[in-house]
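Dropping protein-v9.txt in here (compact mmCIF, C-alpha atoms and all ligand atoms):
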# COMPACT_ATOMS: atom_id res chain seq x y z
CA MET A 1 -10.11 -17.08 -21.69
CA LYS A 2 -6.91 -19.07 -21.07
CA LEU A 3 -3.50 -17.54 -20.39
CA LEU A 4 -0.21 -19.41 -20.11
CA VAL A 5 2.70 -17.73 -18.33
CA LYS A 6 6.07 -19.43 -18.78
CA GLY A 7 9.32 -18.77 -16.98
CA LYS A 8 10.95 -18.82 -13.54
CA ILE A 9 8.01 -18.92 -11.18
CA TYR A 10 8.20 -17.89 -7.55
CA THR A 11 6.35 -20.60 -5.61
CA ASN A 12 6.23 -21.42 -1.91
CA LYS A 13 8.63 -24.27 -2.63
CA GLY A 14 11.16 -22.06 -4.37
CA LEU A 15 11.73 -21.06 -7.98
CA LEU A 16 10.16 -23.38 -10.53
CA ASP A 17 11.16 -23.38 -14.18
CA GLY A 18 7.70 -24.00 -15.52
CA SER A 19 4.29 -22.64 -16.47
CA ILE A 20 1.13 -21.25 -14.93
CA LEU A 21 -2.19 -21.85 -16.60
CA VAL A 22 -4.90 -19.30 -15.83
CA GLN A 23 -8.48 -19.76 -16.87
CA ASP A 24 -11.09 -17.04 -16.44
CA GLY A 25 -8.90 -15.22 -13.95
CA ARG A 26 -7.98 -18.20 -11.71
CA ILE A 27 -4.86 -20.33 -11.64
CA ILE A 28 -5.85 -23.83 -12.68
CA ARG A 29 -2.40 -25.41 -12.89
CA VAL A 30 1.21 -24.74 -11.98
CA ALA A 31 3.59 -27.31 -13.46
CA LYS A 32 6.91 -27.89 -15.16
CA ASN A 33 5.36 -28.56 -18.54
CA ILE A 34 1.91 -27.54 -19.64
CA ARG A 35 1.01 -28.26 -23.24
CA GLU A 36 -2.40 -26.95 -23.98
CA PRO A 37 -3.97 -24.62 -26.53
CA VAL A 38 -4.38 -21.16 -24.95
CA ASP A 39 -5.66 -17.75 -26.01
CA LYS A 40 -2.54 -15.93 -24.89
CA LEU A 41 1.05 -16.92 -24.10
CA LEU A 42 3.49 -14.80 -22.11
CA ASP A 43 6.92 -16.39 -22.33
CA TYR A 44 9.49 -15.17 -19.81
CA SER A 45 11.69 -18.24 -19.94
CA GLY A 46 15.42 -17.73 -20.21
CA GLY A 47 17.16 -14.67 -18.85
CA ARG A 48 16.74 -13.04 -15.50
CA ARG A 49 13.02 -12.42 -15.30
CA ILE A 50 10.98 -13.91 -12.46
CA VAL A 51 7.22 -14.28 -12.14
CA LEU A 52 6.17 -13.20 -8.63
CA PRO A 53 2.74 -13.31 -6.98
CA GLY A 54 0.92 -10.05 -7.79
CA LEU A 55 2.04 -7.32 -5.41
CA ILE A 56 -0.44 -5.60 -3.09
CA ASP A 57 -0.14 -2.04 -1.77
CA LEU A 58 -2.09 -1.59 1.47
CA HIS A 59 -1.90 2.21 1.48
CA VAL A 60 -2.51 4.52 -1.48
CA HIS A 61 -4.41 7.74 -2.14
CA MET A 62 -6.15 7.48 -5.49
CA ARG A 63 -7.80 10.90 -4.82
CA ASP A 64 -10.41 11.33 -7.56
CA PHE A 65 -13.80 13.01 -6.83
CA GLU A 66 -13.08 16.73 -6.35
CA LEU A 67 -9.31 16.12 -5.99
CA SER A 68 -8.96 14.42 -9.37
CA TYR A 69 -6.59 17.18 -10.44
CA LYS A 70 -4.10 15.45 -8.09
CA GLU A 71 -4.87 11.91 -9.27
CA ASP A 72 -7.83 9.79 -10.30
CA PHE A 73 -8.51 6.08 -10.46
CA PHE A 74 -7.20 5.84 -14.01
CA THR A 75 -3.87 7.60 -13.45
CA GLY A 76 -3.48 6.16 -9.93
CA THR A 77 -4.08 2.54 -10.91
CA GLY A 78 -2.04 3.18 -14.08
CA ALA A 79 0.85 4.15 -11.79
CA ALA A 80 0.19 0.94 -9.81
CA ALA A 81 0.37 -1.18 -12.96
CA MET A 82 3.58 0.56 -14.06
CA GLY A 83 5.09 -0.12 -10.63
CA GLY A 84 4.10 -3.80 -10.54
CA PHE A 85 1.12 -3.56 -8.18
CA THR A 86 -1.97 -5.67 -8.90
CA VAL A 87 -4.07 -4.52 -5.92
CA VAL A 88 -4.18 -1.12 -4.19
CA ALA A 89 -6.04 -0.18 -1.00
CA ASP A 90 -7.41 3.34 -1.18
CA MET A 91 -7.58 5.81 1.71
CA PRO A 92 -10.76 7.77 2.54
CA ASN A 93 -9.33 11.31 2.93
CA THR A 94 -10.94 12.37 -0.32
CA ARG A 95 -13.26 15.28 -1.04
CA PRO A 96 -15.99 14.42 -0.12
CA ARG A 97 -14.60 11.94 2.40
CA VAL A 98 -15.43 8.26 2.11
CA ASN A 99 -17.23 8.15 5.45
CA ARG A 100 -20.86 7.86 4.36
CA PRO A 101 -22.51 4.86 2.70
CA ASP A 102 -23.61 6.92 -0.31
CA VAL A 103 -20.06 8.24 -0.88
CA LEU A 104 -18.66 4.70 -0.56
CA LYS A 105 -21.09 3.56 -3.25
CA LYS A 106 -20.09 6.48 -5.45
CA ARG A 107 -16.43 5.60 -4.91
CA GLU A 108 -17.12 2.07 -6.09
CA LYS A 109 -18.87 3.40 -9.19
CA VAL A 110 -15.96 5.71 -10.11
CA ALA A 111 -13.30 3.09 -9.44
CA LYS A 112 -15.18 0.45 -11.39
CA GLU A 113 -15.29 2.69 -14.44
CA LYS A 114 -11.65 3.80 -14.35
CA ALA A 115 -9.43 1.28 -12.56
CA LEU A 116 -6.81 -0.78 -14.37
CA VAL A 117 -5.81 -2.93 -11.39
CA ASP A 118 -7.87 -4.31 -8.52
CA TYR A 119 -8.65 -2.17 -5.53
CA ALA A 120 -9.86 -2.17 -1.92
CA PHE A 121 -11.42 0.62 0.13
CA TYR A 122 -11.09 1.82 3.70
CA TYR A 123 -13.96 3.73 5.29
CA GLY A 124 -13.21 6.87 7.31
CA VAL A 125 -14.52 7.92 10.72
CA PRO A 126 -18.04 9.23 10.01
CA ASP A 127 -19.42 12.60 11.10
CA ARG A 128 -22.62 10.95 12.38
CA GLU A 129 -23.12 7.61 14.04
CA ALA A 130 -25.95 6.90 11.58
CA ASP A 131 -23.32 6.48 8.87
CA LEU A 132 -21.90 3.42 10.62
CA VAL A 133 -24.29 0.90 9.17
CA GLY A 134 -24.33 -2.65 7.88
CA GLY A 135 -23.35 -2.83 4.23
CA ILE A 136 -20.06 -0.95 4.65
CA GLU A 137 -18.31 -4.31 4.75
CA ASP A 138 -19.77 -5.23 1.35
CA LEU A 139 -17.49 -2.68 -0.30
CA ALA A 140 -14.79 -1.74 2.24
CA MET A 141 -12.05 -3.94 3.72
CA GLY A 142 -11.71 -1.93 6.89
CA PHE A 143 -11.41 1.49 8.46
CA LYS A 144 -8.73 4.17 8.49
CA ILE A 145 -8.22 6.29 11.57
CA PHE A 146 -6.11 9.40 11.41
CA MET A 147 -5.43 9.73 15.14
CA GLN A 148 -4.35 13.37 15.26
CA HIS A 149 -7.67 14.46 13.75
CA GLU A 150 -10.00 11.73 14.91
CA PHE A 151 -8.74 10.43 18.23
CA TYR A 152 -7.07 13.31 20.05
CA THR A 153 -10.01 15.58 19.19
CA ASP A 154 -13.74 15.85 19.75
CA LYS A 155 -14.22 13.08 17.17
CA ARG A 156 -12.96 10.57 19.73
CA ARG A 157 -16.46 9.34 20.61
CA LEU A 158 -17.24 8.57 16.97
CA THR A 159 -13.86 6.91 16.56
CA GLU A 160 -14.66 4.62 19.48
CA LYS A 161 -17.94 3.76 17.75
CA VAL A 162 -15.88 2.75 14.70
CA LEU A 163 -13.66 0.58 16.91
CA GLU A 164 -16.73 -1.10 18.40
CA PHE A 165 -18.26 -1.64 14.96
CA ALA A 166 -14.98 -3.03 13.55
CA SER A 167 -14.55 -5.35 16.55
CA LYS A 168 -18.00 -6.91 16.09
CA ARG A 169 -17.34 -7.58 12.41
CA GLU A 170 -13.62 -8.33 12.75
CA MET A 171 -12.86 -5.59 10.27
CA LEU A 172 -9.34 -4.25 9.94
CA VAL A 173 -8.55 -0.90 11.57
CA VAL A 174 -5.61 0.90 9.94
CA VAL A 175 -4.20 3.80 11.95
CA HIS A 176 -2.00 6.75 11.22
CA ALA A 177 -0.53 6.85 14.73
CA GLU A 178 0.72 10.25 15.84
CA ASN A 179 -0.14 12.14 19.03
CA PRO A 180 -0.19 15.91 18.29
CA LYS A 181 1.00 16.58 21.85
CA PHE A 182 4.47 15.77 20.47
CA PHE A 183 4.31 17.94 17.35
CA VAL A 184 6.89 20.69 16.90
CA GLU A 185 7.25 23.52 14.39
CA THR A 186 10.08 22.87 11.90
CA GLU A 187 11.34 24.25 8.59
CA MET A 188 8.94 21.79 6.96
CA GLY A 189 5.97 22.94 9.02
CA LEU A 190 4.49 20.96 11.93
CA SER A 191 6.23 17.67 12.43
CA GLY A 192 5.85 14.79 14.88
CA LEU A 193 8.70 13.72 17.14
CA PRO A 194 9.33 9.97 17.56
CA GLN A 195 7.37 10.16 20.84
CA ALA A 196 4.31 11.23 18.86
CA GLU A 197 4.28 7.80 17.27
CA ALA A 198 5.14 5.82 20.40
CA SER A 199 2.46 7.60 22.42
CA ALA A 200 -0.28 7.07 19.81
CA ILE A 201 0.62 3.41 19.36
CA LYS A 202 0.32 2.91 23.10
CA ASP A 203 -3.10 4.59 23.17
CA ILE A 204 -4.55 2.63 20.27
CA ALA A 205 -3.02 -0.71 21.33
CA LYS A 206 -4.73 -0.35 24.73
CA LEU A 207 -8.06 0.05 22.94
CA ALA A 208 -7.33 -2.91 20.66
CA LEU A 209 -6.81 -4.94 23.81
CA SER A 210 -10.17 -3.94 25.27
CA TYR A 211 -12.28 -3.89 22.05
CA GLY A 212 -10.63 -6.69 20.09
CA PHE A 213 -10.46 -5.19 16.56
CA PRO A 214 -7.57 -6.26 14.28
CA LEU A 215 -5.12 -3.35 14.43
CA HIS A 216 -2.73 -2.33 11.69
CA VAL A 217 -0.30 0.56 12.24
CA THR A 218 0.61 2.09 8.90
CA HIS A 219 3.76 3.93 7.81
CA ILE A 220 5.75 3.57 11.03
CA SER A 221 8.64 6.02 10.87
CA SER A 222 10.58 5.78 14.14
CA ALA A 223 12.54 3.33 16.25
CA ALA A 224 10.63 4.55 19.32
CA GLY A 225 7.31 3.77 17.64
CA MET A 226 8.55 0.33 16.65
CA ARG A 227 9.80 -0.38 20.17
CA GLU A 228 6.39 0.49 21.61
CA LEU A 229 4.60 -1.64 19.01
CA LEU A 230 6.75 -4.67 19.82
CA ARG A 231 5.85 -4.27 23.49
CA TRP A 232 2.20 -4.84 22.60
CA ARG A 233 2.65 -7.57 20.06
CA GLY A 234 1.78 -10.90 21.59
CA ARG A 235 -0.76 -9.36 23.93
CA VAL A 236 -2.82 -7.94 21.11
CA GLY A 237 -3.16 -8.71 17.40
CA ILE A 238 -1.20 -5.93 15.73
CA THR A 239 0.54 -5.66 12.35
CA VAL A 240 2.67 -2.86 10.96
CA ASP A 241 4.01 -1.46 7.71
CA THR A 242 6.50 1.19 6.69
CA CYS A 243 7.44 2.98 3.44
CA PRO A 244 10.71 2.86 1.46
CA TYR A 245 11.62 6.46 2.36
CA TYR A 246 11.65 5.77 6.11
CA LEU A 247 14.31 3.13 5.38
CA LEU A 248 16.33 4.92 2.71
CA LEU A 249 16.29 8.62 3.65
CA ASN A 250 16.98 10.62 6.81
CA ALA A 251 15.78 13.96 8.14
CA LYS A 252 18.93 15.81 7.00
CA GLU A 253 18.57 14.60 3.43
CA ALA A 254 14.84 15.36 3.51
CA LEU A 255 15.61 18.92 4.56
CA THR A 256 18.00 19.46 1.67
CA LYS A 257 15.41 18.10 -0.75
CA GLY A 258 12.84 20.49 0.71
CA ALA A 259 9.11 20.43 -0.05
CA VAL A 260 9.35 17.38 -2.28
CA ALA A 261 10.38 15.25 0.73
CA LYS A 262 7.71 16.68 3.02
CA VAL A 263 5.52 13.86 4.27
CA TYR A 264 3.51 12.93 7.39
CA PRO A 265 4.84 11.27 9.46
CA SER A 266 8.10 13.12 8.84
CA ILE A 267 11.26 11.31 7.83
CA LYS A 268 13.33 10.68 10.99
CA SER A 269 17.06 10.21 11.72
CA SER A 270 19.47 7.83 10.02
CA LYS A 271 19.48 5.79 13.26
CA ASP A 272 15.69 5.38 12.96
CA ALA A 273 16.08 4.28 9.33
CA GLU A 274 18.76 1.78 10.28
CA ILE A 275 16.66 0.24 13.05
CA LEU A 276 13.53 0.06 10.88
CA LEU A 277 15.49 -1.71 8.15
CA ARG A 278 16.80 -4.18 10.74
CA ARG A 279 13.25 -4.86 12.01
CA LEU A 280 12.09 -5.36 8.42
CA LYS A 281 14.79 -7.95 7.79
CA GLU A 282 13.92 -9.68 11.09
CA GLY A 283 10.34 -10.04 9.87
CA LYS A 284 9.00 -7.73 12.58
CA ILE A 285 7.66 -5.22 10.06
CA ASP A 286 4.96 -7.06 8.14
CA ALA A 287 4.60 -5.02 4.98
CA ILE A 288 5.92 -2.22 2.81
CA VAL A 289 3.45 0.31 1.41
CA SER A 290 3.98 3.21 -0.97
CA ASP A 291 1.62 5.67 0.76
CA HIS A 292 1.21 6.96 -2.80
CA ALA A 293 0.14 10.57 -2.05
CA PRO A 294 0.29 12.68 -5.23
CA HIS A 295 0.04 16.49 -5.28
CA PRO A 296 0.66 18.85 -8.23
CA PRO A 297 4.03 20.72 -8.44
CA GLU A 298 2.52 24.04 -7.30
CA GLU A 299 1.63 22.36 -3.97
CA LYS A 300 5.19 21.06 -3.57
CA SER A 301 7.29 24.23 -3.63
CA ASP A 302 7.50 26.05 -0.28
CA PRO A 303 8.44 23.51 2.45
CA ARG A 304 6.43 25.23 5.21
CA SER A 305 3.14 25.41 3.34
CA ALA A 306 3.55 22.47 0.91
CA SER A 307 1.11 19.58 0.90
CA ALA A 308 2.62 16.49 2.52
CA GLY A 309 3.24 13.32 0.56
CA PHE A 310 4.46 12.29 -2.89
CA PRO A 311 3.71 9.48 -5.34
CA GLY A 312 5.28 6.12 -4.57
CA LEU A 313 3.63 3.47 -6.71
CA GLU A 314 6.17 3.80 -9.51
CA THR A 315 9.23 3.69 -7.23
CA THR A 316 8.46 1.28 -4.37
CA LEU A 317 9.17 -2.06 -6.05
CA THR A 318 12.21 -0.87 -7.98
CA LEU A 319 13.69 0.57 -4.75
CA LEU A 320 13.12 -2.75 -2.99
CA LEU A 321 14.66 -4.73 -5.87
CA THR A 322 17.66 -2.40 -5.69
CA LEU A 323 18.02 -3.40 -2.02
CA VAL A 324 17.93 -7.03 -3.14
CA ASN A 325 20.71 -6.35 -5.65
CA ASN A 326 22.73 -4.58 -2.96
CA GLY A 327 22.45 -7.63 -0.71
CA VAL A 328 20.34 -5.83 1.89
CA LEU A 329 17.12 -7.80 1.27
CA GLU A 330 16.34 -11.10 -0.38
CA LEU A 331 13.75 -11.59 -3.07
CA ARG A 332 11.74 -13.66 -0.62
CA ASP A 333 11.58 -10.64 1.72
CA VAL A 334 10.06 -8.59 -1.11
CA VAL A 335 7.41 -11.25 -1.76
CA ARG A 336 6.65 -11.54 1.95
CA ILE A 337 6.29 -7.79 2.57
CA CYS A 338 4.53 -6.88 -0.70
CA ALA A 339 2.36 -9.92 -1.39
CA THR A 340 2.07 -12.70 1.22
CA ASN A 341 1.64 -10.52 4.30
CA PRO A 342 -0.54 -7.81 2.72
CA ALA A 343 -2.93 -10.57 1.54
CA LYS A 344 -3.01 -11.98 5.08
CA ILE A 345 -3.60 -8.55 6.61
CA LEU A 346 -6.57 -8.02 4.26
CA LYS A 347 -7.66 -11.62 4.98
CA LEU A 348 -7.69 -12.28 1.24
CA ASN A 349 -6.86 -15.92 0.89
CA GLU A 350 -7.36 -15.73 -2.89
CA ILE A 351 -4.21 -13.69 -3.55
CA GLY A 352 -0.65 -13.41 -2.25
CA SER A 353 0.85 -16.59 -3.70
CA ILE A 354 1.05 -18.59 -6.91
CA ASP A 355 -1.02 -21.71 -6.26
CA LYS A 356 -3.77 -23.64 -7.96
CA GLY A 357 -7.15 -22.07 -7.20
CA LYS A 358 -5.80 -18.57 -6.48
CA ILE A 359 -6.52 -15.47 -8.52
CA GLY A 360 -4.14 -15.07 -11.48
CA ASN A 361 -2.38 -11.90 -10.33
CA PHE A 362 1.33 -11.72 -11.18
CA THR A 363 4.18 -9.23 -11.15
CA VAL A 364 7.00 -10.10 -13.52
CA VAL A 365 10.34 -8.51 -12.64
CA ASP A 366 13.63 -8.21 -14.45
CA LEU A 367 16.01 -8.39 -11.49
CA HIS A 368 18.81 -6.59 -13.28
CA ARG A 369 17.20 -4.01 -15.51
CA ARG A 370 18.68 -0.62 -14.60
CA ALA A 371 17.04 2.78 -14.64
CA THR A 372 17.25 6.26 -13.15
CA ILE A 373 14.15 7.46 -11.32
CA ASN A 374 12.50 10.14 -13.43
CA PRO A 375 9.28 11.54 -11.93
CA LYS A 376 8.52 13.50 -15.12
CA ALA A 377 7.85 10.16 -16.78
CA PHE A 378 5.42 8.94 -14.07
CA VAL A 379 1.93 7.93 -15.15
CA SER A 380 0.80 9.40 -11.81
CA ARG A 381 -0.25 13.05 -11.95
CA GLY A 382 2.10 13.72 -9.02
CA LYS A 383 5.31 14.27 -10.97
CA CYS A 384 7.77 14.45 -8.10
CA SER A 385 9.77 12.14 -5.88
CA PRO A 386 12.49 12.50 -3.23
CA PHE A 387 14.20 9.68 -5.16
CA GLU A 388 14.48 11.71 -8.38
CA GLY A 389 17.79 10.90 -10.09
CA LYS A 390 18.46 7.77 -8.02
CA LYS A 391 19.94 4.86 -9.94
CA VAL A 392 17.99 1.65 -9.45
CA GLU A 393 18.48 -1.95 -10.48
CA GLY A 394 15.50 -4.29 -10.80
CA MET A 395 12.24 -3.30 -12.48
CA PRO A 396 8.76 -4.66 -13.03
CA VAL A 397 8.32 -5.68 -16.68
CA ALA A 398 4.75 -6.98 -16.57
CA THR A 399 1.70 -6.65 -14.34
CA ILE A 400 -1.04 -9.22 -14.80
CA VAL A 401 -4.43 -8.91 -13.11
CA ARG A 402 -6.88 -11.84 -13.12
CA GLY A 403 -5.13 -13.40 -16.08
CA GLU A 404 -5.08 -10.22 -18.15
CA PRO A 405 -1.89 -8.27 -18.84
CA VAL A 406 -2.31 -4.69 -17.64
CA MET A 407 1.28 -3.50 -18.13
CA LEU A 408 3.77 -5.07 -20.56
CA ASP A 409 7.28 -3.67 -20.96
CA GLY A 410 6.45 -0.27 -19.56
CA GLU A 411 3.23 0.16 -21.59
CA LEU A 412 -0.29 0.15 -20.18
CA VAL A 413 -2.21 -2.41 -22.20
CA ALA A 414 -5.54 -2.84 -20.40
CA THR A 415 -8.63 -0.70 -20.76
CA ALA A 416 -10.05 1.48 -18.02
CA GLY A 417 -12.54 -0.50 -15.99
CA TRP A 418 -10.63 -3.80 -15.94
CA GLY A 419 -9.91 -3.31 -12.22
CA LYS A 420 -12.36 -4.75 -9.68
CA ASN A 421 -13.04 -4.40 -5.99
CA VAL A 422 -11.27 -7.28 -4.19
CA LYS A 423 -14.59 -7.91 -2.44
CA THR A 424 -15.73 -9.50 -5.74
CA TYR A 425 -13.07 -12.23 -5.34
CA ARG A 426 -15.36 -14.14 -3.02
O1 LIG B 1 2.07 12.89 3.84
C1 LIG B 1 0.90 12.58 3.91
N1 LIG B 1 0.05 12.74 2.86
N2 LIG B 1 0.43 12.07 5.06
C2 LIG B 1 -0.89 11.86 5.25
O2 LIG B 1 -1.24 11.39 6.30
C3 LIG B 1 -1.87 12.21 4.21
C4 LIG B 1 -1.25 12.16 2.88
C5 LIG B 1 -2.09 12.77 1.79
O3 LIG B 1 -3.28 12.42 1.69
O4 LIG B 1 -1.56 13.54 0.99
ZN ZN B 2 -1.49 8.06 3.46

Could you take the file, read its structure, and then write that structure out as structure tokens?
Ligand code: DOR
Ligand code: ZN
Amino acid sequence: MKLLVKGKIYTNKGLLDGSILVQDGRIIRVAKNIREPVDKLLDYSGGRRIVLPGLIDLHVHMRDFELSYKEDFFTGTGAAAMGGFTVVADMPNTRPRVNRPDVLKKREKVAKEKALVDYAFYYGVPDREADLVGGIEDLAMGFKIFMQHEFYTDKRRLTEKVLEFASKREMLVVVHAENPKFFVETEMGLSGLPQAEASAIKDIAKLALSYGFPLHVTHISSAAGMRELLRWRGRVGITVDTCPYYLLLNAKEALTKGAVAKVYPSIKSSKDAEILLRRLKEGKIDAIVSDHAPHPPEEKSDPRSASAGFPGLETTLTLLLTLVNNGVLELRDVVRICATNPAKILKLNEIGSIDKGKIGNFTVVDLHRRATINPKAFVSRGKCSPFEGKKVEGMPVATIVRGEPVMLDGELVATAGWGKNVKTYR
């Protein structure tokens, strides 16, 4: 199977007006002119479309299993394809949790049957030490630790076992860093103060220093947390991501939006947002994630009791492209935070750039296509967003996974089961 993609191509050396030839899922040539019979041609030359390396989202909740009424691998990876993401990394807080080898295997089976784009798994802190066994690394890229439930509680001993296990195998440890000592009751229910983040980052960074596991702090939300993280960087290997809403919204706006904007960690002040955006531009925040966390409308009504989180796969890229059009970010920042760095964090050398020998994953964007965010039209089952009604400029127009178009012009065109575990890249 040979695919030729023509147009403005984002390469490490800048934009190239040329072609990419993909054979059996791998890029075999990138050049100005490629004349060769192919099975499929996607021509994006002329106009304002750009072919980017396939985007990677390091933090999504595909749900499925018993929570498939919220989302499943088909609707979740469909949302990814619509939003321009070629790889999504799935969190283990499912029902049952992905913290036993048999559940991990079952997760692989379900994802393999339903996914449209490629996927990675994180393994959760197990309930028994016996569930920390060799073989986890055959399917999972790393571990996820939810510190308020698994570190500041009686699960701490098991969490340290995870840290030991991850250190030996150099597996990534992704943490939701909040110390419940600094939680307060608010109109949106329990919510962490900035100190909650700073304190947890300090605690986990100390352990990274003594154990040696690669640490990744996900969805940082506060300037205080970021300040603490930068204190440790250099002494210990530590990477960090944030989400669009921590950059674009503030606590006051979140409060007026109510339950729909309820998320953990909570959205902080406009000063926090401003500082995080500055750190992102400086290259100190490594990645942007959606933290795609869908819930049905009935769970997003009363702010105090609502489930936290909202879908993000269909808004993240378009929000970032809007920042590019507003002169806040550059296109190369978007590629760095959504493709190059996420690939490095997952230690996946096969993706993250458009080069000969790499996997043929691409996200084609129309930098100036305009839209208004309309959650009712999401492919995700979570039909809400704190960005509802926002005018955006810059949209994905095609998502290509291993040389196969998955989304073209806002339509899903692949069949369920095309997506593969990134572990099969090797
Ligand atoms: O807002 C959130 N939603 N924060 C989390 O940590 C979990 C997530 C979810 O799974 O819905
Ligand atoms: Zn999450």

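Among the candidates A:Leu4, A:Val88, A:Ala259, A:Met226, the one nearest to A:Met141 when counting only C-alpha atoms is A:Val88.
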
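Between ligand ZN 2 (chain B) and the candidates A:Asp291, A:Glu282, A:Asp90, A:Asp203, the tightest atom-to-atom separation, counting all atoms listed in the file, involves A:Asp291.
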
Which of these, A:Met395, A:Val217, A:Ala371, A:Ala254, has the shortest distance to A:Val324 once you count only C-alpha atoms?
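Looking at the shortest contact to A:Val324, the residue is A:Met395.
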
Using only C-alpha atoms and all ligand atoms, pick whichever of A:Ala200, A:Ala293, A:Val413, A:Leu321 has the shortest atom-to-atom distance to ligand LIG 1 (chain B).
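Closest residue, counting only C-alpha atoms and all ligand atoms: A:Ala293.
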
Please tabulate, as CSV, the residues of chain A that come within 12 Å of ligand ZN 2 (chain B), each with its closest pair of atoms and the distance in Å to one decimal, counting only C-alpha atoms and all ligand atoms and ordering rows by chain, then residue number upward.
residue,atom,partner,partner_atom,distance
A:Asp57,CA,B:ZN2,ZN,11.5
A:Leu58,CA,B:ZN2,ZN,9.9
A:His59,CA,B:ZN2,ZN,6.2
A:Val60,CA,B:ZN2,ZN,6.2
A:His61,CA,B:ZN2,ZN,6.3
A:Met62,CA,B:ZN2,ZN,10.1
A:Arg63,CA,B:ZN2,ZN,10.8
A:Ala89,CA,B:ZN2,ZN,10.4
A:Asp90,CA,B:ZN2,ZN,8.9
A:Met91,CA,B:ZN2,ZN,6.7
A:Pro92,CA,B:ZN2,ZN,9.3
A:Asn93,CA,B:ZN2,ZN,8.5
A:Thr94,CA,B:ZN2,ZN,11.1
A:Tyr122,CA,B:ZN2,ZN,11.5
A:Lys144,CA,B:ZN2,ZN,9.6
A:Ile145,CA,B:ZN2,ZN,10.7
A:Phe146,CA,B:ZN2,ZN,9.3
A:Val174,CA,B:ZN2,ZN,10.5
A:Val175,CA,B:ZN2,ZN,9.9
A:His176,CA,B:ZN2,ZN,7.9
A:Ala177,CA,B:ZN2,ZN,11.4
A:Val217,CA,B:ZN2,ZN,11.6
A:Thr218,CA,B:ZN2,ZN,8.3
A:His219,CA,B:ZN2,ZN,8.0
A:Ile220,CA,B:ZN2,ZN,11.4
A:Asp241,CA,B:ZN2,ZN,11.8
A:Thr242,CA,B:ZN2,ZN,11.0
A:Cys243,CA,B:ZN2,ZN,10.3
A:Val263,CA,B:ZN2,ZN,9.1
A:Tyr264,CA,B:ZN2,ZN,8.0
A:Pro265,CA,B:ZN2,ZN,9.3
A:Val289,CA,B:ZN2,ZN,9.4
A:Ser290,CA,B:ZN2,ZN,8.5
A:Asp291,CA,B:ZN2,ZN,4.8
A:His292,CA,B:ZN2,ZN,6.9
A:Ala293,CA,B:ZN2,ZN,6.3
A:Pro294,CA,B:ZN2,ZN,10.0
A:Ala308,CA,B:ZN2,ZN,9.4
A:Gly309,CA,B:ZN2,ZN,7.6
A:Phe310,CA,B:ZN2,ZN,9.7
A:Pro311,CA,B:ZN2,ZN,10.3
A:Gly312,CA,B:ZN2,ZN,10.7

Rank A:Tyr69, A:Phe362, A:Tyr119, A:Tyr211 by their smallest atom-to-atom distance to A:Val422, using only C-alpha atoms, and report the top residue only.
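Looking at the shortest contact to A:Val422, the residue is A:Tyr119.
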
Which residue gives the smallest distance to A:Pro297 among A:Ala343, A:Cys384, A:Ala130, A:Leu280, with only C-alpha atoms counted?
A:Cys384
